[in-house]
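This is coords.csv. It holds CSV, N, CA, C and O atoms.
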```
chain,number,residue,atom,x,y,z
A,1,MET,N,24.4,10.5,-3.6
A,1,MET,CA,23.8,10.4,-2.3
A,1,MET,C,24.9,10.1,-1.3
A,1,MET,O,25.9,9.7,-1.6
A,2,GLY,N,24.6,10.4,0.0
A,2,GLY,CA,25.6,10.3,1.0
A,2,GLY,C,25.9,8.9,1.4
A,2,GLY,O,25.2,7.9,1.1
A,3,ASN,N,27.0,8.8,2.2
A,3,ASN,CA,27.4,7.5,2.7
A,3,ASN,C,26.3,6.8,3.6
A,3,ASN,O,26.2,5.6,3.6
A,4,ALA,N,25.6,7.6,4.4
A,4,ALA,CA,24.6,7.0,5.3
A,4,ALA,C,23.5,6.4,4.5
A,4,ALA,O,23.1,5.3,4.8
A,5,PHE,N,23.1,7.0,3.4
A,5,PHE,CA,22.1,6.4,2.5
A,5,PHE,C,22.6,5.1,1.9
A,5,PHE,O,21.8,4.1,1.9
A,6,ASN,N,23.8,5.1,1.4
A,6,ASN,CA,24.4,3.9,0.8
A,6,ASN,C,24.5,2.8,1.8
A,6,ASN,O,24.2,1.6,1.5
A,7,GLU,N,24.8,3.1,3.1
A,7,GLU,CA,24.9,2.1,4.1
A,7,GLU,C,23.5,1.5,4.4
A,7,GLU,O,23.4,0.3,4.6
A,8,VAL,N,22.5,2.3,4.4
A,8,VAL,CA,21.1,1.8,4.7
A,8,VAL,C,20.7,0.9,3.5
A,8,VAL,O,20.2,-0.2,3.8
A,9,LEU,N,21.1,1.3,2.3
A,9,LEU,CA,20.7,0.4,1.2
A,9,LEU,C,21.4,-0.9,1.2
A,9,LEU,O,20.9,-2.0,0.9
A,10,LEU,N,22.7,-0.9,1.6
A,10,LEU,CA,23.5,-2.1,1.7
A,10,LEU,C,22.9,-3.0,2.8
A,10,LEU,O,22.7,-4.2,2.7
A,11,ASN,N,22.6,-2.4,4.0
A,11,ASN,CA,21.9,-3.2,5.1
A,11,ASN,C,20.6,-3.8,4.6
A,11,ASN,O,20.3,-4.9,4.9
A,12,LEU,N,19.8,-3.0,3.9
A,12,LEU,CA,18.5,-3.4,3.4
A,12,LEU,C,18.7,-4.7,2.5
A,12,LEU,O,18.0,-5.7,2.7
A,13,GLY,N,19.7,-4.6,1.6
A,13,GLY,CA,19.9,-5.7,0.7
A,13,GLY,C,20.3,-7.0,1.4
A,13,GLY,O,19.8,-8.1,1.2
A,14,VAL,N,21.3,-6.8,2.3
A,14,VAL,CA,21.8,-8.0,3.1
A,14,VAL,C,20.7,-8.6,3.9
A,14,VAL,O,20.4,-9.8,3.9
A,15,ASN,N,19.9,-7.7,4.7
A,15,ASN,CA,18.9,-8.2,5.5
A,15,ASN,C,17.7,-8.9,4.8
A,15,ASN,O,17.2,-9.9,5.2
A,16,CYS,N,17.4,-8.3,3.7
A,16,CYS,CA,16.3,-8.8,2.9
A,16,CYS,C,16.7,-10.2,2.3
A,16,CYS,O,15.9,-11.2,2.4
A,17,LYS,N,17.9,-10.3,1.8
A,17,LYS,CA,18.3,-11.6,1.2
A,17,LYS,C,18.4,-12.7,2.3
A,17,LYS,O,18.0,-13.8,2.1
A,18,GLN,N,19.0,-12.3,3.5
A,18,GLN,CA,19.1,-13.3,4.6
A,18,GLN,C,17.7,-13.8,5.0
A,18,GLN,O,17.5,-15.0,5.2
A,19,LYS,N,16.8,-12.9,5.2
A,19,LYS,CA,15.5,-13.3,5.7
A,19,LYS,C,14.8,-14.1,4.6
A,19,LYS,O,14.1,-15.1,4.9
A,20,ARG,N,14.9,-13.8,3.4
A,20,ARG,CA,14.3,-14.6,2.3
A,20,ARG,C,14.9,-16.0,2.2
A,20,ARG,O,14.2,-17.0,2.2
A,21,GLN,N,16.2,-16.1,2.3
A,21,GLN,CA,16.9,-17.4,2.3
A,21,GLN,C,16.5,-18.2,3.5
A,21,GLN,O,16.3,-19.4,3.4
A,22,ARG,N,16.5,-17.6,4.7
A,22,ARG,CA,16.1,-18.3,5.9
A,22,ARG,C,14.7,-18.9,5.8
A,22,ARG,O,14.5,-20.0,6.4
A,23,GLN,N,13.9,-18.3,5.1
A,23,GLN,CA,12.5,-18.8,4.9
A,23,GLN,C,12.4,-19.7,3.8
A,23,GLN,O,11.3,-20.2,3.5
A,24,GLY,N,13.5,-20.0,3.1
A,24,GLY,CA,13.5,-20.9,1.9
A,24,GLY,C,12.7,-20.4,0.7
A,24,GLY,O,12.2,-21.1,-0.1
A,25,LEU,N,12.7,-19.0,0.6
A,25,LEU,CA,12.0,-18.4,-0.5
A,25,LEU,C,12.9,-18.1,-1.7
A,25,LEU,O,14.0,-17.5,-1.4
A,26,SER,N,12.5,-18.4,-2.9
A,26,SER,CA,13.3,-17.9,-4.0
A,26,SER,C,12.8,-16.5,-4.3
A,26,SER,O,11.8,-16.0,-3.8
A,27,VAL,N,13.6,-15.8,-5.1
A,27,VAL,CA,13.2,-14.4,-5.5
A,27,VAL,C,11.9,-14.5,-6.2
A,27,VAL,O,11.0,-13.6,-6.0
A,28,ALA,N,11.7,-15.5,-7.1
A,28,ALA,CA,10.4,-15.6,-7.8
A,28,ALA,C,9.2,-15.8,-6.8
A,28,ALA,O,8.1,-15.2,-7.0
A,29,ARG,N,9.4,-16.6,-5.8
A,29,ARG,CA,8.3,-16.8,-4.8
A,29,ARG,C,8.1,-15.5,-4.0
A,29,ARG,O,6.9,-15.1,-3.7
A,30,LEU,N,9.2,-14.8,-3.6
A,30,LEU,CA,9.0,-13.5,-2.9
A,30,LEU,C,8.3,-12.5,-3.8
A,30,LEU,O,7.4,-11.8,-3.3
A,31,GLU,N,8.5,-12.5,-5.1
A,31,GLU,CA,7.8,-11.7,-6.0
A,31,GLU,C,6.3,-12.0,-5.9
A,31,GLU,O,5.5,-11.1,-5.8
A,32,GLN,N,6.0,-13.3,-6.0
A,32,GLN,CA,4.5,-13.7,-5.9
A,32,GLN,C,3.9,-13.3,-4.6
A,32,GLN,O,2.7,-12.8,-4.6
A,33,VAL,N,4.6,-13.5,-3.5
A,33,VAL,CA,4.0,-13.2,-2.2
A,33,VAL,C,3.9,-11.7,-1.9
A,33,VAL,O,2.9,-11.2,-1.3
A,34,SER,N,4.9,-10.9,-2.4
A,34,SER,CA,4.9,-9.5,-2.0
A,34,SER,C,4.3,-8.6,-3.1
A,34,SER,O,3.9,-7.5,-2.7
A,35,GLY,N,4.3,-9.0,-4.3
A,35,GLY,CA,3.9,-8.2,-5.4
A,35,GLY,C,5.0,-7.2,-5.9
A,35,GLY,O,4.7,-6.3,-6.7
A,36,VAL,N,6.2,-7.4,-5.4
A,36,VAL,CA,7.3,-6.6,-5.8
A,36,VAL,C,8.0,-7.4,-6.9
A,36,VAL,O,8.3,-8.6,-6.8
A,37,LYS,N,8.3,-6.7,-8.0
A,37,LYS,CA,8.9,-7.4,-9.2
A,37,LYS,C,10.3,-8.0,-8.8
A,37,LYS,O,11.1,-7.4,-8.0
A,38,ALA,N,10.6,-9.1,-9.4
A,38,ALA,CA,11.8,-9.8,-9.1
A,38,ALA,C,13.0,-9.0,-9.4
A,38,ALA,O,14.0,-9.0,-8.7
A,39,ALA,N,13.0,-8.2,-10.5
A,39,ALA,CA,14.1,-7.3,-10.8
A,39,ALA,C,14.4,-6.3,-9.7
A,39,ALA,O,15.5,-6.0,-9.4
A,40,THR,N,13.3,-5.8,-9.1
A,40,THR,CA,13.5,-4.9,-8.0
A,40,THR,C,14.1,-5.6,-6.8
A,40,THR,O,15.0,-5.0,-6.2
A,41,ILE,N,13.6,-6.8,-6.5
A,41,ILE,CA,14.2,-7.5,-5.4
A,41,ILE,C,15.7,-7.8,-5.6
A,41,ILE,O,16.5,-7.6,-4.7
A,42,TRP,N,16.0,-8.2,-6.9
A,42,TRP,CA,17.4,-8.4,-7.2
A,42,TRP,C,18.3,-7.2,-7.0
A,42,TRP,O,19.4,-7.2,-6.4
A,43,ARG,N,17.8,-6.0,-7.4
A,43,ARG,CA,18.5,-4.8,-7.2
A,43,ARG,C,18.6,-4.4,-5.8
A,43,ARG,O,19.7,-4.0,-5.3
A,44,ILE,N,17.6,-4.6,-5.0
A,44,ILE,CA,17.6,-4.3,-3.6
A,44,ILE,C,18.7,-5.2,-2.9
A,44,ILE,O,19.5,-4.8,-2.1
A,45,GLU,N,18.6,-6.5,-3.2
A,45,GLU,CA,19.5,-7.5,-2.5
A,45,GLU,C,20.9,-7.3,-2.9
A,45,GLU,O,21.8,-7.5,-2.2
A,46,GLY,N,21.1,-6.8,-4.2
A,46,GLY,CA,22.5,-6.6,-4.6
A,46,GLY,C,23.0,-5.2,-4.3
A,46,GLY,O,24.2,-5.0,-4.4
A,47,GLY,N,22.2,-4.4,-3.8
A,47,GLY,CA,22.6,-3.0,-3.4
A,47,GLY,C,23.0,-2.2,-4.6
A,47,GLY,O,23.8,-1.3,-4.5
A,48,THR,N,22.5,-2.5,-5.7
A,48,THR,CA,22.9,-1.8,-7.0
A,48,THR,C,21.8,-1.0,-7.5
A,48,THR,O,20.8,-1.6,-8.1
A,49,GLY,N,21.8,0.3,-7.4
A,49,GLY,CA,20.9,1.2,-8.1
A,49,GLY,C,19.5,1.1,-7.6
A,49,GLY,O,18.6,1.7,-8.2
A,50,ALA,N,19.2,0.5,-6.5
A,50,ALA,CA,17.8,0.4,-6.0
A,50,ALA,C,17.6,1.6,-5.1
A,50,ALA,O,18.4,2.0,-4.2
A,51,ASN,N,16.5,2.3,-5.2
A,51,ASN,CA,16.0,3.3,-4.3
A,51,ASN,C,14.5,3.1,-4.1
A,51,ASN,O,13.7,3.8,-4.6
A,52,PRO,N,14.2,2.0,-3.3
A,52,PRO,CA,12.9,1.5,-3.2
A,52,PRO,C,12.0,2.6,-2.5
A,52,PRO,O,12.4,3.3,-1.6
A,53,THR,N,10.7,2.5,-2.8
A,53,THR,CA,9.8,3.4,-2.1
A,53,THR,C,9.4,2.7,-0.8
A,53,THR,O,9.6,1.5,-0.5
A,54,LEU,N,8.8,3.6,0.1
A,54,LEU,CA,8.4,3.0,1.4
A,54,LEU,C,7.3,1.9,1.2
A,54,LEU,O,7.3,0.9,1.9
A,55,ARG,N,6.5,2.1,0.2
A,55,ARG,CA,5.5,1.1,-0.1
A,55,ARG,C,6.1,-0.2,-0.5
A,55,ARG,O,5.7,-1.3,0.0
A,56,THR,N,7.2,-0.2,-1.3
A,56,THR,CA,7.9,-1.4,-1.7
A,56,THR,C,8.5,-2.1,-0.5
A,56,THR,O,8.4,-3.3,-0.3
A,57,LEU,N,9.1,-1.3,0.4
A,57,LEU,CA,9.7,-1.8,1.6
A,57,LEU,C,8.7,-2.5,2.5
A,57,LEU,O,8.9,-3.5,3.1
A,58,CYS,N,7.5,-1.8,2.6
A,58,CYS,CA,6.5,-2.4,3.5
A,58,CYS,C,6.0,-3.7,2.9
A,58,CYS,O,5.7,-4.6,3.6
A,59,LYS,N,5.8,-3.8,1.6
A,59,LYS,CA,5.4,-5.0,0.9
A,59,LYS,C,6.4,-6.2,1.2
A,59,LYS,O,6.0,-7.3,1.5
A,60,LEU,N,7.7,-5.8,1.1
A,60,LEU,CA,8.7,-6.9,1.4
A,60,LEU,C,8.7,-7.3,2.9
A,60,LEU,O,8.7,-8.5,3.2
A,61,ALA,N,8.6,-6.3,3.8
A,61,ALA,CA,8.5,-6.7,5.2
A,61,ALA,C,7.3,-7.5,5.5
A,61,ALA,O,7.4,-8.5,6.3
A,62,ASP,N,6.2,-7.2,4.9
A,62,ASP,CA,5.0,-8.0,5.2
A,62,ASP,C,5.1,-9.4,4.6
A,62,ASP,O,4.8,-10.4,5.3
A,63,ALA,N,5.7,-9.5,3.4
A,63,ALA,CA,5.9,-10.8,2.8
A,63,ALA,C,6.9,-11.7,3.6
A,63,ALA,O,6.8,-12.9,3.7
A,64,LEU,N,7.9,-11.0,4.2
A,64,LEU,CA,8.9,-11.7,5.0
A,64,LEU,C,8.5,-11.8,6.5
A,64,LEU,O,9.3,-12.3,7.3
A,65,ASP,N,7.3,-11.4,6.8
A,65,ASP,CA,6.7,-11.5,8.1
A,65,ASP,C,7.7,-10.9,9.2
A,65,ASP,O,8.0,-11.5,10.2
A,66,CYS,N,8.1,-9.7,8.9
A,66,CYS,CA,9.0,-9.0,9.9
A,66,CYS,C,8.7,-7.5,9.9
A,66,CYS,O,8.1,-7.0,8.9
A,67,PRO,N,9.1,-6.8,11.0
A,67,PRO,CA,8.9,-5.4,11.0
A,67,PRO,C,9.8,-4.7,10.0
A,67,PRO,O,10.9,-5.2,9.7
A,68,LEU,N,9.4,-3.6,9.4
A,68,LEU,CA,10.2,-2.9,8.5
A,68,LEU,C,11.6,-2.6,9.1
A,68,LEU,O,12.6,-2.6,8.4
A,69,SER,N,11.6,-2.2,10.3
A,69,SER,CA,12.9,-1.9,11.0
A,69,SER,C,13.9,-3.0,10.9
A,69,SER,O,15.1,-2.8,10.8
A,70,ASP,N,13.5,-4.3,10.9
A,70,ASP,CA,14.4,-5.4,10.7
A,70,ASP,C,15.1,-5.4,9.4
A,70,ASP,O,16.3,-5.9,9.3
A,71,LEU,N,14.5,-4.9,8.4
A,71,LEU,CA,15.2,-4.8,7.1
A,71,LEU,C,16.2,-3.7,7.0
A,71,LEU,O,17.1,-3.8,6.2
A,72,LEU,N,16.0,-2.7,7.8
A,72,LEU,CA,16.9,-1.5,7.7
A,72,LEU,C,18.1,-1.5,8.7
A,72,LEU,O,19.0,-0.8,8.6
A,73,GLU,N,18.0,-2.3,9.8
A,73,GLU,CA,19.0,-2.3,10.8
A,73,GLU,C,20.4,-2.8,10.3
A,73,GLU,O,20.4,-3.7,9.5
A,74,PRO,N,21.4,-2.2,10.9
A,74,PRO,CA,22.8,-2.7,10.6
A,74,PRO,C,23.1,-4.1,11.1
A,74,PRO,O,22.4,-4.6,11.9
```

Could you render the structure as structure tokens?
Amino acid sequence: MGNAFNEVLLNLGVNCKQKRQRQGLSVARLEQVSGVKAATIWRIEGGTGANPTLRTLCKLADALDCPLSDLLEP
């Protein structure tokens, strides 16, 4: 995949982790609230091998109480 895609995934991981930590949520708690498996959250936050679906991203954004665009911005 291209550099632009990799950059989006890295931004997603950083933004997701920062928002989760700012809200004092553990990965396990975010899993409970969002319905997204902890392993998927770990892969997204680590920027390693994750290619999440739009549905997964929307679940995370809802659970983190933010617009989807906040998770994707640089």

Between atom CA of Asn3 of chain A and atom CA of Asp65 of chain A, distance in Å (one decimal): 28.6 Å

Distance of atom C of Asn6 of chain A from atom CA of Ala39 of chain A, expressed in Å to one decimal place: 19.2 Å

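With all atoms listed in the file as the basis for measurement, A:Val36 is the residue among A:Val27, A:Val36, A:Leu71, A:Val14 that approaches Thr56 of chain A most closely.
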
Between atom N of Ala50 of chain A and atom O of Cys16 of chain A, distance in Å (one decimal): 15.1 Å

Neighbour list for segment 8-10 of chain A as a list in words, cut-off 6 Å, all atoms listed in the file, skip fewer than 6 positions in-chain: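 Counting only the stated atoms, we get Ile44, Glu45, Gly47, Leu71 and Leu72 of chain A.
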
Let me see the file: selected residues, N, CA, C and O atoms, as a CSV table (one decimal), in the coordinates of the input.
```
chain,number,residue,atom,x,y,z
A,44,ILE,N,17.6,-4.6,-5.0
A,44,ILE,CA,17.6,-4.3,-3.6
A,44,ILE,C,18.7,-5.2,-2.9
A,44,ILE,O,19.5,-4.8,-2.1
A,45,GLU,N,18.6,-6.5,-3.2
A,45,GLU,CA,19.5,-7.5,-2.5
A,45,GLU,C,20.9,-7.3,-2.9
A,45,GLU,O,21.8,-7.5,-2.2
A,47,GLY,N,22.2,-4.4,-3.8
A,47,GLY,CA,22.6,-3.0,-3.4
A,47,GLY,C,23.0,-2.2,-4.6
A,47,GLY,O,23.8,-1.3,-4.5
A,71,LEU,N,14.5,-4.9,8.4
A,71,LEU,CA,15.2,-4.8,7.1
A,71,LEU,C,16.2,-3.7,7.0
A,71,LEU,O,17.1,-3.8,6.2
A,72,LEU,N,16.0,-2.7,7.8
A,72,LEU,CA,16.9,-1.5,7.7
A,72,LEU,C,18.1,-1.5,8.7
A,72,LEU,O,19.0,-0.8,8.6
```

With the cut-off set at 10 Å and counting only C-alpha atoms, tabulate each residue of segment 37-66 of chain A with an atom at most that distance from an atom of segment 20-24 of chain A, showing the nearest atom pair and its distance in Å to one decimal, ordered by chain and increasing number, as a Markdown table.
```
| residue | atom | partner | partner_atom | distance |
| --- | --- | --- | --- | --- |
| A:Leu60 | CA | A:Arg20 | CA | 9.6 |
| A:Ala63 | CA | A:Arg20 | CA | 9.2 |
| A:Leu64 | CA | A:Arg20 | CA | 6.7 |
| A:Asp65 | CA | A:Gln23 | CA | 9.9 |
```

Expected answer as an MDAnalysis selection string: alpha helix (DSSP H) residues in chain A: chainID A and resid 3:22 27:34 38:46 54:63 68:72

Closest of A:Lys59, A:Ala38, A:Val33, A:Leu68 to Leu12 of chain A - atom-to-atom distances counting all atoms listed in the file: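 Closest candidate: A:Leu68.
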
Shortest interatomic distance to Pro52 of chain A - which of A:Ser26, A:Asp70, A:Thr40, A:Lys19, counting only N, CA, C and O atoms: A:Thr40
